[in-house]
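Engineer: Encoded as structure tokens, here's the structure I'll be asking about.
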Amino acid sequence: MGQMKFGGQIIGMMILAGLLAAATILLASGALRARPTASLPSPAPSAVRTDSTPRPPSVAAVHRSEAMARASPPAPAPVAPSAATPASTAYVIKHILPIEGPLHLGDHYWDERGAPAGPILITVDLAAQTLSVFRGGYEIGTAAILYGADDKPTPLGVFPITEKDADHVSNLYDAPMPYMLRLTNSGISIHGTSVADGYMTHGCIGVPTPFARQLFNAAKLGDKVIVTRGEMLDIGAAISAA
């Protein structure tokens with residue numbers, strides 16, 4: 001029995017050796033091929049510059065070229081007319097009057113020295129009870145104001161001056177409104193009055209009469225008046241509504 005088992009093992013080994021030899025021949029001849037794999041999508045290409053803009057230089061290159069860049073900065077690339085950005089029309093605050101301390105009722109200041117020619121803009125802050133006049137971005141006048149009572153509030157918004165009347169009298173209240181600058185068709189306007197504690201208006205913006213005269217002479221029809229509540233302005237700030 002042991003000899004039969006040994007003989008069977010020898011025969012099996014001979015058969016296996018023959019199969020291996022045959023496989024080697026077939027591989028050499030290309031008859032056996034690997035199983036094809038499922039086709040995979042090609043990886044997405046990385047971002048490639050299609051324009052002529054050069055790659056950013058290395059940090060060392062930037063450091064080496066700083067002095068040259070300061071001496072002769074590169075000319076900006078021309079902008080195609082279709083891609084040109086329209087010029088900003090925002091009104092920029094450039095200077096305010098150097099007034100120490102807060103304004104009190106009845107206070108007013110006017111000083112045009114150093115202010116360039118330019119469009120007039122009037123701002124009103126109901127929370128601060130203050131009106132400011134700007135010309136070319138420079139504040140040329142400011143005053144403490146009266147404004148509308150709770151049942152007749154002064155409206156907020158942007159209003160062009162639509163009428164000027166130095167000797168106007170209210171047809172609703174039969175009251176003088178000297179140096180009137182009309183803002184709305186309902187009668188809201190800026191005009192001269194006695195600005196004192198305990199007084200309010202029927203919606204108008206009241207300023208000291210001497211200041212009203214100066215404002216009347218400086219403003220023209222179409223100049224804008226921006227009425228807000230609590231919005232502060234800083235030097236360099238742009239007023240897009242102007």
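We name chains A, B, ... following the order of the structure tokens; residues begin at 1 in each chain, and ligands are numbered from 1 as shown.
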If we count only C-alpha atoms and set the cut-off at 10 Å, which residues sit around region 145-158 of chain A, ignoring sequence neighbours fewer than 6 positions away in its own chain? Please answer as a PyMOL selection string.

Structural biologist: chain A and resi 103-108+122-131+183-184+188-190+192-208+224-229+241-242

Engineer: Nearest to Ala212 (chain A): which of A:Ile93, A:Ala166, A:Met232, A:Ala117 is it, counting only C-alpha atoms?

Structural biologist: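 Counting only C-alpha atoms, the residue closest to Ala212 (chain A) is A:Ala166.
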
Engineer: To one decimal place in Å, what is the distance between CA of Thr162 (chain A) and CA of Gly114 (chain A)?

Structural biologist: 28.6 Å

Engineer: Residues near Met180 (chain A), anyone? I mean within 7 Å using only C-alpha atoms, not counting same-chain ones fewer than 2 positions away, as a JSON list (two decimals) with C-alpha atoms, in the first residue's frame.

Structural biologist:
```
[["chain", "number", "residue", "atom", "x", "y", "z"],
["A", 164, "LYS", "CA", -36.82, 127.68, -2.61],
["A", 165, "ASP", "CA", -38.70, 130.60, -1.05],
["A", 166, "ALA", "CA", -36.97, 133.11, 1.19],
["A", 168, "HIS", "CA", -42.48, 131.55, 2.61],
["A", 177, "MET", "CA", -41.05, 129.72, 7.28],
["A", 178, "PRO", "CA", -38.14, 131.96, 6.26],
["A", 182, "ARG", "CA", -39.02, 122.27, 0.18],
["A", 189, "SER", "CA", -39.06, 121.50, 4.37],
["A", 190, "ILE", "CA", -35.99, 122.99, 5.98],
["A", 191, "HIS", "CA", -36.59, 126.54, 7.21]]
```

Engineer: At what distance in Å, to one decimal, does CA of Asp174 (chain A) lie from CA of Gly141 (chain A)?

Structural biologist: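 Spanning CA of Gly141 (chain A) to CA of Asp174 (chain A) is a straight-line distance of 29.0 Å.
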
Engineer: Would you please extract all strand (DSSP E) residues from region 122-240 of chain A, as assigned by DSSP on the backbone, and give them as a ChimeraX atom specification?

Structural biologist: /A:122-125,130-135,138-144,157-160,163-169,176-182,189-193,205-208,224-228,238-239

Engineer: Store the residues picked out above in a file with N, CA and C atoms, as a compact mmCIF listing (two decimals), in the first residue's frame.

Structural biologist:
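Output (out-v5.txt):
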```
# COMPACT_ATOMS: atom_id res chain seq x y z
N ILE A 122 -26.66 117.80 1.95
CA ILE A 122 -27.13 118.12 3.30
C ILE A 122 -27.52 116.83 3.99
N THR A 123 -26.98 116.61 5.19
CA THR A 123 -27.34 115.43 5.97
C THR A 123 -28.02 115.87 7.26
N VAL A 124 -29.02 115.09 7.67
CA VAL A 124 -29.76 115.38 8.89
C VAL A 124 -29.81 114.10 9.72
N ASP A 125 -29.37 114.19 10.97
CA ASP A 125 -29.46 113.06 11.91
C ASP A 125 -30.44 113.46 13.00
N THR A 130 -28.96 117.14 14.56
CA THR A 130 -27.90 117.89 13.89
C THR A 130 -28.10 117.88 12.38
N LEU A 131 -27.86 119.00 11.74
CA LEU A 131 -27.82 119.12 10.29
C LEU A 131 -26.42 119.53 9.88
N SER A 132 -25.90 118.91 8.82
CA SER A 132 -24.58 119.26 8.30
C SER A 132 -24.69 119.57 6.81
N VAL A 133 -23.89 120.53 6.37
CA VAL A 133 -23.85 120.92 4.96
C VAL A 133 -22.45 120.63 4.44
N PHE A 134 -22.37 119.89 3.33
CA PHE A 134 -21.08 119.54 2.72
C PHE A 134 -21.02 120.13 1.31
N ARG A 135 -19.83 120.59 0.95
CA ARG A 135 -19.57 121.05 -0.42
C ARG A 135 -18.27 120.39 -0.88
N TYR A 138 -16.49 118.55 1.82
CA TYR A 138 -16.04 119.30 3.00
C TYR A 138 -17.25 119.88 3.72
N GLU A 139 -17.30 119.68 5.02
CA GLU A 139 -18.38 120.28 5.80
C GLU A 139 -18.14 121.78 5.90
N ILE A 140 -19.15 122.53 5.49
CA ILE A 140 -19.04 123.99 5.55
C ILE A 140 -20.01 124.60 6.54
N GLY A 141 -20.95 123.81 7.05
CA GLY A 141 -21.91 124.34 8.02
C GLY A 141 -22.56 123.23 8.81
N THR A 142 -22.94 123.55 10.04
CA THR A 142 -23.66 122.59 10.87
C THR A 142 -24.48 123.35 11.90
N ALA A 143 -25.57 122.74 12.32
CA ALA A 143 -26.46 123.41 13.26
C ALA A 143 -27.28 122.38 14.01
N ALA A 144 -27.66 122.75 15.24
CA ALA A 144 -28.65 121.97 15.97
C ALA A 144 -30.03 122.26 15.40
N GLY A 157 -35.23 109.47 4.69
CA GLY A 157 -35.04 109.18 3.27
C GLY A 157 -34.14 110.20 2.60
N VAL A 158 -34.12 110.13 1.28
CA VAL A 158 -33.32 111.04 0.46
C VAL A 158 -34.28 111.92 -0.33
N PHE A 159 -34.12 113.23 -0.18
CA PHE A 159 -35.06 114.16 -0.78
C PHE A 159 -34.31 115.25 -1.55
N PRO A 160 -34.62 115.45 -2.82
CA PRO A 160 -34.05 116.59 -3.53
C PRO A 160 -34.82 117.86 -3.18
N GLU A 163 -38.06 123.29 -4.18
CA GLU A 163 -38.52 124.68 -4.19
C GLU A 163 -37.72 125.48 -3.18
N LYS A 164 -37.47 126.75 -3.52
CA LYS A 164 -36.82 127.68 -2.61
C LYS A 164 -37.69 128.93 -2.49
N ASP A 165 -37.90 129.38 -1.25
CA ASP A 165 -38.70 130.60 -1.05
C ASP A 165 -38.19 131.27 0.23
N ALA A 166 -37.56 132.42 0.04
CA ALA A 166 -36.97 133.11 1.19
C ALA A 166 -38.01 133.68 2.13
N ASP A 167 -39.22 133.96 1.62
CA ASP A 167 -40.26 134.61 2.44
C ASP A 167 -41.51 133.75 2.54
N HIS A 168 -41.35 132.46 2.63
CA HIS A 168 -42.48 131.55 2.61
C HIS A 168 -43.29 131.65 3.91
N VAL A 169 -44.60 131.51 3.74
CA VAL A 169 -45.52 131.43 4.88
C VAL A 169 -46.36 130.18 4.69
N PRO A 176 -44.73 131.87 9.56
CA PRO A 176 -43.60 132.18 8.68
C PRO A 176 -42.59 131.03 8.66
N MET A 177 -42.07 130.77 7.47
CA MET A 177 -41.05 129.72 7.28
C MET A 177 -39.92 130.33 6.44
N PRO A 178 -39.14 131.23 7.04
CA PRO A 178 -38.14 131.96 6.26
C PRO A 178 -37.06 131.03 5.69
N TYR A 179 -36.62 131.39 4.48
CA TYR A 179 -35.56 130.65 3.78
C TYR A 179 -35.92 129.16 3.64
N MET A 180 -37.12 128.95 3.15
CA MET A 180 -37.67 127.60 3.03
C MET A 180 -37.04 126.84 1.87
N LEU A 181 -36.64 125.59 2.15
CA LEU A 181 -36.18 124.64 1.13
C LEU A 181 -37.13 123.45 1.18
N ARG A 182 -37.99 123.31 0.16
CA ARG A 182 -39.02 122.27 0.18
C ARG A 182 -38.41 120.91 -0.17
N SER A 189 -40.11 120.62 4.88
CA SER A 189 -39.06 121.50 4.37
C SER A 189 -38.06 121.80 5.47
N ILE A 190 -36.96 122.40 5.05
CA ILE A 190 -35.99 122.99 5.98
C ILE A 190 -36.25 124.50 5.98
N HIS A 191 -36.33 125.09 7.17
CA HIS A 191 -36.59 126.54 7.21
C HIS A 191 -36.08 127.11 8.53
N GLY A 192 -35.98 128.42 8.56
CA GLY A 192 -35.52 129.11 9.75
C GLY A 192 -36.60 129.19 10.80
N THR A 193 -36.18 129.12 12.07
CA THR A 193 -37.11 129.22 13.19
C THR A 193 -36.32 129.47 14.46
N ILE A 205 -37.88 120.49 9.31
CA ILE A 205 -36.58 120.56 9.97
C ILE A 205 -36.29 122.03 10.21
N GLY A 206 -36.30 122.43 11.47
CA GLY A 206 -36.09 123.82 11.81
C GLY A 206 -34.65 124.09 12.19
N VAL A 207 -34.08 125.15 11.63
CA VAL A 207 -32.71 125.55 11.94
C VAL A 207 -32.71 127.02 12.34
N PRO A 208 -31.70 127.50 13.08
CA PRO A 208 -31.65 128.93 13.42
C PRO A 208 -31.73 129.79 12.15
N LYS A 224 -29.40 117.31 -2.78
CA LYS A 224 -30.03 116.26 -2.00
C LYS A 224 -29.90 116.50 -0.50
N VAL A 225 -30.96 116.09 0.20
CA VAL A 225 -31.00 116.13 1.66
C VAL A 225 -31.24 114.69 2.12
N ILE A 226 -30.34 114.16 2.92
CA ILE A 226 -30.44 112.79 3.42
C ILE A 226 -30.81 112.85 4.90
N VAL A 227 -31.98 112.32 5.23
CA VAL A 227 -32.47 112.36 6.61
C VAL A 227 -32.38 110.95 7.19
N THR A 228 -31.64 110.80 8.28
CA THR A 228 -31.48 109.50 8.93
C THR A 228 -31.75 109.66 10.43
N ALA A 238 -18.04 106.84 2.32
CA ALA A 238 -18.76 107.16 1.10
C ALA A 238 -20.25 107.08 1.34
N ILE A 239 -20.97 108.04 0.79
CA ILE A 239 -22.43 108.07 0.88
C ILE A 239 -22.97 107.71 -0.49
```
